[in-house]
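Participant: Mind having a look at this structure? Questions to follow.
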Protein chains: 2
Amino acid sequence: MVNETQHTCSASSSSRSDGGSSSGSESSKDNSRCSTPVLDADRHERLRDKMRRRQDAGDKWFSLEFFPPRTANAAVNLISRFDRMGAGGPLFIDVTWHPAGDPGSDKETSSMIIANTAVNYCGLETILHMTCCNQTKDDITGHLQKAKRLGLKNIMALRGDPAGEEWQEEVDGFNYAVDLVKHIRNEFDDYFDICVAGYPKGHPEAESYEADLRHLKEKVFAGADFIITQLFFRPETFLKFMKDCQAIGITCPIIPGIFPIQGYHSLRQLVKLSKLEVPQEIKDVIEPIKDNDAAIRNYGVELAVSMCRELLDSGMVHGLHFYTLNREVATTEVLKRLGIWKEDPRRPLPWAVSAHPKRRVEDVRPIFWASRPKSYIYRTQEWDDFPNGRWGNSSSPAFGELKDYYLFYLKSKSPREELLKMWGEELTCEESVFEVFTCYITGEPNRNGYKVTCMPWNDDPLATETNLLKDQLEKVNRRGILTINSQPNINGKPSTDPIVGWGPSGGYVFQKAYLEFFTSSEIVTALLKVLKKYELRVNYHIVNVKGQNITNAPDLQPNAVTWGIFPGREIIQPTVVDPVSFLSWKDEAFALWIEQWAKLYEEESPSRMIIQYIHDNYYLVNLVDNDFPLENCLWQVVEDTFELLN
Amino acid sequence: MVNETQHTCSASSSSRSDGGSSSGSESSKDNSRCSTPVLDADRHERLRDKMRRRQDAGDKWFSLEFFPPRTANAAVNLISRFDRMGAGGPLFIDVTWHPAGDPGSDKETSSMIIANTAVNYCGLETILHMTCCNQTKDDITGHLQKAKRLGLKNIMALRGDPAGEEWQEEVDGFNYAVDLVKHIRNEFDDYFDICVAGYPKGHPEAESYEADLRHLKEKVFAGADFIITQLFFRPETFLKFMKDCQAIGITCPIIPGIFPIQGYHSLRQLVKLSKLEVPQEIKDVIEPIKDNDAAIRNYGVELAVSMCRELLDSGMVHGLHFYTLNREVATTEVLKRLGIWKEDPRRPLPWAVSAHPKRRVEDVRPIFWASRPKSYIYRTQEWDDFPNGRWGNSSSPAFGELKDYYLFYLKSKSPREELLKMWGEELTCEESVFEVFTCYITGEPNRNGYKVTCMPWNDDPLATETNLLKDQLEKVNRRGILTINSQPNINGKPSTDPIVGWGPSGGYVFQKAYLEFFTSSEIVTALLKVLKKYELRVNYHIVNVKGQNITNAPDLQPNAVTWGIFPGREIIQPTVVDPVSFLSWKDEAFALWIEQWAKLYEEESPSRMIIQYIHDNYYLVNLVDNDFPLENCLWQVVEDTFELLN
């Protein structure tokens, strides 16, 4: 609502079209029955119910507003910001709508696609803004249908800026936000949660503060579920507004919009757009330090914290909405100081869930994509049903192709030059590849003094859980067992365990030890001999890029490797080693050698040929130790293999 | 094949109708996909494949033949014989067909219903005999359709006895067993496994031994899967027959029919019916001891064991088929001495599985019916789908009514007089009921010196597993916590554990402690107060006969209380405490007070009024301790309750 290209108004008007048609063109009630144990109520509730539940529980919450980026690179950065700021536990985020920027398109920078990414790939409850003025009903309905198809469930209904100074109301057109609210309710029944904007000082174009309040009431009575306000500078502004709303019968939640001042320039621009007056006491502080960004930000944080405290202490405010301006530091600082930034180490499931409604029963995934959840979501986006309870016998639909490794939400956060520094400007032999893997595991700098903080298969530093295996992993990577995924065995730790815990408290989590790596055919030959000794204990799948496949899995059945037992629930087994999807993962895992690594180098260069050689000749191996209560035998298996080789 | 009313022949004939129609009237391939972890290959394989697999594994097996009983009481006895003899691990049992006894009817003594009971309620692979002569195609097809509907998968195709001496072949009718084989294949494609009879000495009505062999070959080539032979007295008779069969190209399994001589009378009758000659050396032994049943039986066992040994040692015989004459002792003795009676303490699942094909994916049941699996199968027989992997959220279809408590396969094995001795000729107060429960738990005789070996809710003595809880159970039953179901907590015992183990070896089984009991409203009031302290740990459901229901189960979700982790498989959770089906079980559990106990007494008698009072006023309670790795807290809950009462 406060970014550079768009702001909202609900200017007064006496004649409004009623929206007309009585029943929606699209039946939108979601009746799909949930038969999964409800691990995480958040996955199943609509936003307005979550809000109500948090309020009833006396739980304070926050939400974050972002605008769509201008470039694809900025989009990649914004998405990793979603992931980082999502970790603090916002109730939702919202993405503004840029009528001038083709906001409903499939461009990676469009409002629609950014919101889609937030929901599906970052698992965030998301509100998509939408403006209606100067648009046809068909346009709007098209946008809403697309939003629904993408799994978006919440719309912020806005008027938007009329084009040109001489704007005239259109008969039967969308003249005000209330028209959009009515249209959504007419066409989509109760499918969407609808948010509308409130103006604590009255909309600048409104006849009067009171008239503006009446318009707000109209929007609510037309079907809006809650209100987010324009920013304001003094807490009493909001508290008075809220009382005034209640006085005229507005009972839905009203969420104050908080704008932490982050710089002189952005404040000035904002003031211009929102036609708000900056109070003198703020100007007095800012003017003298206008060239000192850090000082202004500190002041802005201070000011926001004190205003938020006052709002929360009033007892009338349960949630705070932050205009982030797509920046992280100030908002995070405010939230942390307020104590409502809550990095909950507990996860509903061991992997990052998607917030698409059709995935809300999903509770089983193959372990292979553990470090590439966005790729997994992408490759399964066309599925109609998601595994729930059991993975089942190879009965899952096919995985989508993943040809575009530069798909923006899978793109590496590091540019080519940085990757070259980490993975080697020049590779001389297979051992130099072993070194890269080893440095990634140990966290030690490589021979050129650079830390290896990501790998083609892992865009993030080592998981805390993997750290438990660090010493062993280091040893085997040095010798050419190039690990890309692993987990220790766990025999019943509390579900609240900060490292391996997941799911509701009071439960117990379990794991079978898992190890996945690339290695040479020479090592595989020895490994297979060793595995004979472990036939009943260790399940293995060994495959090369051509699809040669060696396994001892019975009947291509999946093997559950992570499960949890919770009070009063059925058993959850969120990760399996599935022999069938391993072959789809294999294609992706091998392709990453080429797409992410080999292609950093010139064609025909020795470095590129080394990676190509590994791609063509190595095997991808996974091992499961079924005897989870005993000490993990997989290290012994590897040890025995090296011994046999010597 | 050798019982008193029916024997089989495949008399020679030169002209045979070919069966005609090319494609079956009923599509019978069973394509239902199995997505359950295959815990027990036996549940999923057809009989001919099991036979082949056992043979390939060098595994010797046996099968048992029974004839339908004449009376309902005899049927009850036969069914418990099925359960007992089933424990020895027969590959299959077969039930003979009595054309004179309305064999395809719904009578509890009909061949069809006995076979149905064996498959569905005893979980035994079963072959139903069927004879065809003097029957119309429609009759036969009707029988076969009914058999298929009931879940029968194997037919022994026989001619049967022509009615009257002057039997004439019917054109296009069923004149020989081969006609029936062709008919089954024409009408039901490959749905049924078909067995036919072989005559080691040639059929008595056959032109010659060679002609009879040719007829046997015709039956096999018409689609029979294997052969069971008529009885014989010397091993060399069978071995020659087998070689002769192979010589003319019969390659399917041929299973020798073994008849352990059990008495003078039965042997004479058999010889008369089968037109076989008893060898002189046998007559010489038997005639002098013909009035000494025990001596004859010992001799019969001796003879059978030595013959079976010779057959097995020949290397040509992999399975032995026993003509039991519906008796247990001799056959069991022979099998035990041969070492092929294998009481495998390991169970595929913790409950008795049904062999109906539509139930083969079933792997979750509510714990309530643990002691009444036949009732559970009966009440769910109309379901089209069975829970697999997850029980799910109250999504199961309704349970069938169980009005007929005297349903023959649920009937108590003990007559009324015996029940009165166990449960009290005269009850004087509620405490006399407590005593009955206590005596059942302890195994001690009651005040009149009778042991209580069954209860209305448990027709068998205490399970070995329950014995683990005996001392605690005794204590609480004495004080009016009348337990009807319980299990200890188990934190990862090997799946081969003789008491609590189940499933394939190499796995680990787990349980949450469970306790289910009737108790007075006074105790329930105190219990509820105590349970507040255990709110997060113990889930409870408390209900009375009127359906007043008190629970702390979240969202009516099921609670998995038994689960197993196996190598290379998904997790199995075969029993749950399901809040919804508990209400169906409640009706049954309360009704058993009246139907099985109160009705033993005169109306208006004090004894009956005491039971009626309990039925009307007590509550049925179940408790689950979710903290399975800790010491079971349910005894402490009960202890605290009694303390609060004092």
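Here, A, B, ... name the chains of the structure tokens in the order displayed, residue numbers run from 1 inside each chain, and ligands are numbered from 1 in the same displayed order.
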Once chain B sits on chain A after a least-squares Cα superposition, all atoms in order, what's the RMSD?

Facilitator: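 The root-mean-square deviation of C-alpha positions is 0.1 Å.
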
Participant: Could you write out, as a compact mmCIF listing (two decimals) with N, CA, C and O atoms, in the first residue's frame, all the residues of range 301-424 of chain B that DSSP marks as alpha helix (DSSP H)?

Facilitator:
# COMPACT_ATOMS: atom_id res chain seq x y z
N VAL B 301 -1.62 -93.77 12.71
CA VAL B 301 -0.66 -92.67 12.75
C VAL B 301 0.71 -93.16 12.29
O VAL B 301 1.36 -92.57 11.43
N GLU B 302 1.11 -94.29 12.89
CA GLU B 302 2.40 -94.91 12.55
C GLU B 302 2.51 -95.13 11.04
O GLU B 302 3.49 -94.75 10.40
N LEU B 303 1.46 -95.74 10.49
CA LEU B 303 1.43 -96.09 9.07
C LEU B 303 1.51 -94.82 8.21
O LEU B 303 2.28 -94.75 7.24
N ALA B 304 0.72 -93.81 8.58
CA ALA B 304 0.68 -92.57 7.80
C ALA B 304 2.04 -91.86 7.86
O ALA B 304 2.54 -91.39 6.84
N VAL B 305 2.61 -91.83 9.07
CA VAL B 305 3.91 -91.16 9.19
C VAL B 305 4.93 -91.84 8.29
O VAL B 305 5.68 -91.19 7.56
N SER B 306 4.94 -93.16 8.31
CA SER B 306 5.99 -93.83 7.54
C SER B 306 5.73 -93.65 6.04
O SER B 306 6.66 -93.44 5.26
N MET B 307 4.46 -93.66 5.66
CA MET B 307 4.16 -93.44 4.24
C MET B 307 4.54 -92.02 3.81
O MET B 307 5.15 -91.82 2.76
N CYS B 308 4.18 -91.04 4.64
CA CYS B 308 4.47 -89.64 4.30
C CYS B 308 5.98 -89.43 4.20
O CYS B 308 6.47 -88.75 3.31
N ARG B 309 6.73 -90.05 5.16
CA ARG B 309 8.19 -89.90 5.12
C ARG B 309 8.73 -90.40 3.80
O ARG B 309 9.56 -89.76 3.15
N GLU B 310 8.23 -91.55 3.39
CA GLU B 310 8.72 -92.12 2.14
C GLU B 310 8.39 -91.21 0.96
O GLU B 310 9.22 -90.99 0.08
N LEU B 311 7.19 -90.65 0.98
CA LEU B 311 6.79 -89.75 -0.11
C LEU B 311 7.69 -88.51 -0.14
O LEU B 311 8.20 -88.11 -1.20
N LEU B 312 7.87 -87.91 1.03
CA LEU B 312 8.68 -86.69 1.09
C LEU B 312 10.13 -86.99 0.70
O LEU B 312 10.77 -86.23 -0.03
N ASP B 313 10.64 -88.16 1.17
CA ASP B 313 12.03 -88.50 0.88
C ASP B 313 12.26 -88.77 -0.60
O ASP B 313 13.38 -88.67 -1.09
N VAL B 329 -7.11 -85.27 16.22
CA VAL B 329 -5.96 -85.86 16.92
C VAL B 329 -4.98 -86.56 15.98
O VAL B 329 -3.79 -86.27 15.98
N ALA B 330 -5.51 -87.50 15.15
CA ALA B 330 -4.61 -88.33 14.35
C ALA B 330 -3.81 -87.46 13.37
O ALA B 330 -2.58 -87.55 13.29
N THR B 331 -4.49 -86.60 12.64
CA THR B 331 -3.81 -85.79 11.63
C THR B 331 -2.76 -84.88 12.27
O THR B 331 -1.63 -84.78 11.81
N THR B 332 -3.15 -84.25 13.40
CA THR B 332 -2.21 -83.36 14.08
C THR B 332 -0.97 -84.14 14.52
O THR B 332 0.17 -83.69 14.36
N GLU B 333 -1.21 -85.32 15.05
CA GLU B 333 -0.11 -86.16 15.51
C GLU B 333 0.84 -86.50 14.35
O GLU B 333 2.06 -86.38 14.47
N VAL B 334 0.27 -86.91 13.22
CA VAL B 334 1.10 -87.24 12.05
C VAL B 334 1.92 -86.02 11.63
O VAL B 334 3.13 -86.10 11.42
N LEU B 335 1.26 -84.86 11.56
CA LEU B 335 1.93 -83.65 11.11
C LEU B 335 3.06 -83.26 12.05
O LEU B 335 4.14 -82.85 11.62
N LYS B 336 2.78 -83.41 13.36
CA LYS B 336 3.82 -83.03 14.32
C LYS B 336 5.00 -83.98 14.21
O LYS B 336 6.16 -83.56 14.26
N ARG B 337 4.70 -85.27 14.04
CA ARG B 337 5.82 -86.23 13.96
C ARG B 337 6.61 -86.02 12.67
O ARG B 337 7.81 -86.27 12.63
N LEU B 338 5.94 -85.55 11.64
CA LEU B 338 6.66 -85.27 10.38
C LEU B 338 7.43 -83.95 10.46
O LEU B 338 8.26 -83.65 9.59
N PRO B 373 -12.52 -60.73 16.82
CA PRO B 373 -12.23 -60.43 15.41
C PRO B 373 -13.34 -60.91 14.47
O PRO B 373 -13.59 -60.26 13.44
N LYS B 374 -14.02 -62.00 14.80
CA LYS B 374 -15.07 -62.50 13.90
C LYS B 374 -16.23 -61.52 13.87
O LYS B 374 -16.85 -61.31 12.83
N SER B 375 -16.53 -60.95 15.02
CA SER B 375 -17.59 -59.94 15.06
C SER B 375 -17.20 -58.73 14.22
O SER B 375 -18.00 -58.17 13.47
N TYR B 376 -15.93 -58.33 14.32
CA TYR B 376 -15.47 -57.18 13.54
C TYR B 376 -15.61 -57.45 12.05
O TYR B 376 -16.09 -56.61 11.28
N ILE B 377 -15.18 -58.65 11.65
CA ILE B 377 -15.27 -58.99 10.22
C ILE B 377 -16.73 -59.01 9.77
O ILE B 377 -17.08 -58.50 8.71
N TYR B 378 -17.57 -59.57 10.62
CA TYR B 378 -19.00 -59.61 10.29
C TYR B 378 -19.57 -58.20 10.13
O TYR B 378 -20.27 -57.90 9.17
N ARG B 379 -19.23 -57.33 11.06
CA ARG B 379 -19.83 -55.99 11.04
C ARG B 379 -19.25 -55.08 9.95
O ARG B 379 -19.77 -54.00 9.72
N ARG B 416 -24.88 -73.25 28.13
CA ARG B 416 -25.43 -72.43 29.21
C ARG B 416 -25.04 -72.91 30.61
O ARG B 416 -24.64 -72.12 31.47
N GLU B 417 -25.13 -74.23 30.83
CA GLU B 417 -24.83 -74.75 32.18
C GLU B 417 -23.40 -74.42 32.58
O GLU B 417 -23.12 -74.08 33.73
N GLU B 418 -22.51 -74.56 31.60
CA GLU B 418 -21.11 -74.29 31.91
C GLU B 418 -20.91 -72.80 32.22
O GLU B 418 -20.16 -72.45 33.13
N LEU B 419 -21.58 -71.96 31.42
CA LEU B 419 -21.46 -70.52 31.64
C LEU B 419 -21.97 -70.16 33.04
O LEU B 419 -21.37 -69.35 33.75
N LEU B 420 -23.08 -70.78 33.43
CA LEU B 420 -23.63 -70.50 34.76
C LEU B 420 -22.64 -70.89 35.85
O LEU B 420 -22.48 -70.18 36.85
N LYS B 421 -21.96 -72.02 35.65
CA LYS B 421 -20.97 -72.43 36.65
C LYS B 421 -19.83 -71.43 36.74
O LYS B 421 -19.32 -71.12 37.81
N MET B 422 -19.44 -70.90 35.57
CA MET B 422 -18.32 -69.96 35.56
C MET B 422 -18.73 -68.60 36.11
O MET B 422 -18.02 -67.96 36.88
N TRP B 423 -19.89 -68.11 35.66
CA TRP B 423 -20.26 -66.72 35.93
C TRP B 423 -21.22 -66.59 37.12
O TRP B 423 -21.64 -65.47 37.44

Participant: Could you give me, as CSV, every chain B residue with an atom at most 9 Å from chain A, plus its closest atom pair and distance in Å to one decimal, counting only C-alpha atoms, rows ordered by chain then number?

Facilitator:
residue,atom,partner,partner_atom,distance
B:Arg33,CA,A:Asn393,CA,8.8
B:Cys34,CA,A:Asn393,CA,7.3
B:Ser35,CA,A:Gly392,CA,4.8
B:Thr36,CA,A:Gly392,CA,6.5
B:Pro37,CA,A:Gln557,CA,6.8
B:Val38,CA,A:Gln557,CA,8.4
B:Asn388,CA,A:Arg390,CA,8.7
B:Gly389,CA,A:Arg390,CA,6.0
B:Arg390,CA,A:Gly389,CA,6.0
B:Trp391,CA,A:Glu570,CA,7.8
B:Gly392,CA,A:Ser35,CA,4.8
B:Asn393,CA,A:Ser35,CA,4.9
B:Ser394,CA,A:Ser35,CA,8.2
B:Ser395,CA,A:Ser35,CA,7.5
B:Gly492,CA,A:Pro629,CA,8.2
B:Gly506,CA,A:Leu536,CA,7.5
B:Gly507,CA,A:Asp627,CA,7.9
B:Tyr508,CA,A:Asp627,CA,8.7
B:Leu536,CA,A:Gly506,CA,7.6
B:Arg537,CA,A:Pro567,CA,7.0
B:Val538,CA,A:Pro567,CA,8.0
B:Asn539,CA,A:Gly568,CA,6.4
B:Asn552,CA,A:Gly568,CA,9.0
B:Ala553,CA,A:Gly568,CA,6.2
B:Pro554,CA,A:Gly568,CA,6.9
B:Asp555,CA,A:Val38,CA,8.6
B:Gln557,CA,A:Arg569,CA,6.1
B:Pro558,CA,A:Arg569,CA,5.6
B:Asn559,CA,A:Arg569,CA,4.2
B:Ala560,CA,A:Glu570,CA,4.6
B:Val561,CA,A:Glu570,CA,8.3
B:Trp563,CA,A:Ile571,CA,8.2
B:Ile565,CA,A:Ala560,CA,8.2
B:Phe566,CA,A:Asn626,CA,7.3
B:Pro567,CA,A:Asn626,CA,5.1
B:Gly568,CA,A:Asn559,CA,4.4
B:Arg569,CA,A:Asn559,CA,4.2
B:Glu570,CA,A:Ala560,CA,4.6
B:Ile571,CA,A:Ala560,CA,6.3
B:Ile572,CA,A:Ile571,CA,8.8
B:Gln573,CA,A:Ile571,CA,7.2
B:Val576,CA,A:Glu570,CA,7.5
B:Val577,CA,A:Gly568,CA,8.5
B:Val624,CA,A:Gly568,CA,8.3
B:Asp625,CA,A:Pro567,CA,8.4
B:Asn626,CA,A:Pro567,CA,5.1
B:Asp627,CA,A:Pro567,CA,7.7
B:Pro629,CA,A:Gly492,CA,8.2

Participant: Quick one: DSSP strand (DSSP E or B) residues in range 539-616 of chain A, as a list in words?

Facilitator: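 Going through range 539-616 of chain A, the strand (DSSP E or B) residues come out as Asn539, Tyr540, His541, Ile542, Val543, Asn544, Asn549, Ile550, Thr551, Asn559, Ala560, Val561, Thr562, Trp563, Gly564, Ile565, Ile572, Gln573, Pro574, Thr575, Val576 and Val577 of chain A.
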
Participant: So which residues touch range 53-66 of chain B within 7 Å, counting only C-alpha atoms, skipping near sequence neighbours fewer than 3 positions away, as a VMD selection string?

Facilitator: chain B and resid 49 to 50 90 to 96 318 to 326 340

Participant: Output the selection as an mmCIF file, in the first residue's frame - N, CA, C and O atoms for each residue.

Facilitator:
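So the final result, stored in result.cif, reads:
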data_model
loop_
_atom_site.group_PDB
_atom_site.id
_atom_site.type_symbol
_atom_site.label_atom_id
_atom_site.label_comp_id
_atom_site.auth_asym_id
_atom_site.auth_seq_id
_atom_site.Cartn_x
_atom_site.Cartn_y
_atom_site.Cartn_z
ATOM 1 N N ASP B 49 0.249 -69.986 -6.895
ATOM 2 C CA ASP B 49 1.556 -69.326 -6.778
ATOM 3 C C ASP B 49 2.218 -69.616 -5.439
ATOM 4 O O ASP B 49 3.429 -69.779 -5.344
ATOM 5 N N LYS B 50 1.384 -69.656 -4.400
ATOM 6 C CA LYS B 50 1.928 -70.023 -3.090
ATOM 7 C C LYS B 50 2.561 -71.413 -3.164
ATOM 8 O O LYS B 50 3.631 -71.649 -2.619
ATOM 9 N N PRO B 90 -1.584 -74.901 7.793
ATOM 10 C CA PRO B 90 -1.910 -75.570 6.533
ATOM 11 C C PRO B 90 -1.797 -74.579 5.368
ATOM 12 O O PRO B 90 -2.112 -73.404 5.541
ATOM 13 N N LEU B 91 -1.415 -75.056 4.192
ATOM 14 C CA LEU B 91 -1.372 -74.174 3.031
ATOM 15 C C LEU B 91 -2.800 -73.816 2.627
ATOM 16 O O LEU B 91 -3.075 -72.717 2.175
ATOM 17 N N PHE B 92 -3.689 -74.794 2.778
ATOM 18 C CA PHE B 92 -5.105 -74.518 2.552
ATOM 19 C C PHE B 92 -5.931 -75.576 3.253
ATOM 20 O O PHE B 92 -5.389 -76.587 3.707
ATOM 21 N N ILE B 93 -7.220 -75.324 3.376
ATOM 22 C CA ILE B 93 -8.150 -76.386 3.759
ATOM 23 C C ILE B 93 -9.150 -76.508 2.614
ATOM 24 O O ILE B 93 -9.262 -75.618 1.776
ATOM 25 N N ASP B 94 -9.840 -77.636 2.551
ATOM 26 C CA ASP B 94 -10.916 -77.716 1.571
ATOM 27 C C ASP B 94 -12.168 -78.266 2.207
ATOM 28 O O ASP B 94 -12.130 -78.963 3.231
ATOM 29 N N VAL B 95 -13.289 -77.882 1.666
ATOM 30 C CA VAL B 95 -14.590 -78.252 2.224
ATOM 31 C C VAL B 95 -15.363 -78.985 1.131
ATOM 32 O O VAL B 95 -15.515 -78.469 0.017
ATOM 33 N N THR B 96 -15.811 -80.180 1.473
ATOM 34 C CA THR B 96 -16.480 -80.998 0.446
ATOM 35 C C THR B 96 -17.890 -80.497 0.180
ATOM 36 O O THR B 96 -18.440 -79.691 0.932
ATOM 37 N N HIS B 318 5.966 -82.418 -2.420
ATOM 38 C CA HIS B 318 6.250 -81.193 -1.660
ATOM 39 C C HIS B 318 5.142 -80.857 -0.675
ATOM 40 O O HIS B 318 5.340 -80.125 0.268
ATOM 41 N N GLY B 319 3.937 -81.402 -0.928
ATOM 42 C CA GLY B 319 2.824 -81.133 -0.032
ATOM 43 C C GLY B 319 2.018 -82.401 0.188
ATOM 44 O O GLY B 319 2.017 -83.302 -0.659
ATOM 45 N N LEU B 320 1.362 -82.463 1.339
ATOM 46 C CA LEU B 320 0.549 -83.643 1.681
ATOM 47 C C LEU B 320 -0.866 -83.191 2.025
ATOM 48 O O LEU B 320 -1.039 -82.242 2.795
ATOM 49 N N HIS B 321 -1.844 -83.863 1.452
ATOM 50 C CA HIS B 321 -3.231 -83.492 1.695
ATOM 51 C C HIS B 321 -3.863 -84.518 2.635
ATOM 52 O O HIS B 321 -3.845 -85.703 2.358
ATOM 53 N N PHE B 322 -4.434 -84.039 3.732
ATOM 54 C CA PHE B 322 -4.966 -84.979 4.738
ATOM 55 C C PHE B 322 -6.489 -85.038 4.728
ATOM 56 O O PHE B 322 -7.168 -84.014 4.832
ATOM 57 N N TYR B 323 -6.991 -86.277 4.641
ATOM 58 C CA TYR B 323 -8.423 -86.508 4.836
ATOM 59 C C TYR B 323 -8.642 -86.615 6.335
ATOM 60 O O TYR B 323 -8.363 -87.639 6.944
ATOM 61 N N THR B 324 -9.104 -85.507 6.934
ATOM 62 C CA THR B 324 -9.164 -85.480 8.405
ATOM 63 C C THR B 324 -10.365 -86.202 8.971
ATOM 64 O O THR B 324 -10.388 -86.531 10.150
ATOM 65 N N LEU B 325 -11.408 -86.417 8.162
ATOM 66 C CA LEU B 325 -12.707 -86.896 8.667
ATOM 67 C C LEU B 325 -13.221 -85.976 9.773
ATOM 68 O O LEU B 325 -13.902 -86.433 10.692
ATOM 69 N N ASN B 326 -12.860 -84.694 9.670
ATOM 70 C CA ASN B 326 -13.246 -83.676 10.668
ATOM 71 C C ASN B 326 -12.708 -83.976 12.066
ATOM 72 O O ASN B 326 -13.236 -83.470 13.058
ATOM 73 N N ILE B 340 6.104 -81.014 10.096
ATOM 74 C CA ILE B 340 5.609 -79.974 9.190
ATOM 75 C C ILE B 340 4.428 -79.202 9.789
ATOM 76 O O ILE B 340 3.854 -78.329 9.153
#

Participant: For Val452 in chain B, find every residue with an atom within 10 Å (counting only C-alpha atoms), except residues of its own chain fewer than 5 positions away, and show them as a list in words.

Facilitator: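 Final neighbour list, sorted by chain and number: Glu418, Leu419, Lys421, Met422, Trp423, Gly424, Val436, Phe437, Thr438, Cys439, Tyr440, Ile441, Thr442, Gly443, Glu444, Pro445, Asn446 and Pro461 of chain B.
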
Participant: Could you please take those selected residues and save N, CA and C atoms as a CSV table (one decimal), in the first residue's frame?

Facilitator:
chain,number,residue,atom,x,y,z
B,418,GLU,N,-22.5,-74.6,31.6
B,418,GLU,CA,-21.1,-74.3,31.9
B,418,GLU,C,-20.9,-72.8,32.2
B,419,LEU,N,-21.6,-72.0,31.4
B,419,LEU,CA,-21.5,-70.5,31.6
B,419,LEU,C,-22.0,-70.2,33.0
B,421,LYS,N,-22.0,-72.0,35.6
B,421,LYS,CA,-21.0,-72.4,36.7
B,421,LYS,C,-19.8,-71.4,36.7
B,422,MET,N,-19.4,-70.9,35.6
B,422,MET,CA,-18.3,-70.0,35.6
B,422,MET,C,-18.7,-68.6,36.1
B,423,TRP,N,-19.9,-68.1,35.7
B,423,TRP,CA,-20.3,-66.7,35.9
B,423,TRP,C,-21.2,-66.6,37.1
B,424,GLY,N,-21.6,-67.7,37.7
B,424,GLY,CA,-22.4,-67.7,38.9
B,424,GLY,C,-23.8,-68.1,38.7
B,436,VAL,N,-16.2,-62.5,39.3
B,436,VAL,CA,-16.1,-63.3,38.1
B,436,VAL,C,-15.0,-62.7,37.2
B,437,PHE,N,-15.0,-61.4,37.1
B,437,PHE,CA,-13.9,-60.8,36.3
B,437,PHE,C,-12.5,-61.1,36.9
B,438,THR,N,-12.4,-61.1,38.2
B,438,THR,CA,-11.1,-61.3,38.8
B,438,THR,C,-10.7,-62.7,38.6
B,439,CYS,N,-11.6,-63.7,38.7
B,439,CYS,CA,-11.2,-65.1,38.5
B,439,CYS,C,-10.8,-65.3,37.1
B,440,TYR,N,-11.4,-64.6,36.1
B,440,TYR,CA,-11.0,-64.8,34.7
B,440,TYR,C,-9.6,-64.4,34.5
B,441,ILE,N,-9.2,-63.3,35.2
B,441,ILE,CA,-7.9,-62.7,35.1
B,441,ILE,C,-6.9,-63.6,35.8
B,442,THR,N,-7.2,-64.1,37.0
B,442,THR,CA,-6.2,-64.8,37.8
B,442,THR,C,-6.1,-66.3,37.3
B,443,GLY,N,-7.2,-66.8,36.7
B,443,GLY,CA,-7.2,-68.2,36.4
B,443,GLY,C,-7.5,-69.1,37.6
B,444,GLU,N,-7.7,-68.5,38.8
B,444,GLU,CA,-8.1,-69.2,40.0
B,444,GLU,C,-9.6,-69.7,39.9
B,445,PRO,N,-9.9,-70.8,40.5
B,445,PRO,CA,-11.3,-71.2,40.5
B,445,PRO,C,-12.2,-70.2,41.3
B,446,ASN,N,-13.5,-70.1,40.9
B,446,ASN,CA,-14.4,-69.2,41.6
B,446,ASN,C,-14.9,-69.9,42.9
B,461,PRO,N,-9.4,-68.0,26.8
B,461,PRO,CA,-8.7,-67.6,28.0
B,461,PRO,C,-7.8,-66.4,27.7

Participant: I'd like the neighbourhood of Val76 in chain B as a list in words, where a residue qualifies if any of its atoms comes within 12 Å (using only C-alpha atoms), though same-chain residues fewer than 3 positions away should be ignored.

Facilitator: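 The residues that qualify are Pro68, Pro69, Arg70, Thr71, Ala72, Asn73, Ile79, Ser80, Arg81, Phe82, Asp83, Glu108, Thr109, Ile114, Thr117, Ala118, Tyr406, Leu407, Phe408, Tyr409, Leu410, Lys411, Ser412, Lys413, Ser414 and Pro415 of chain B.
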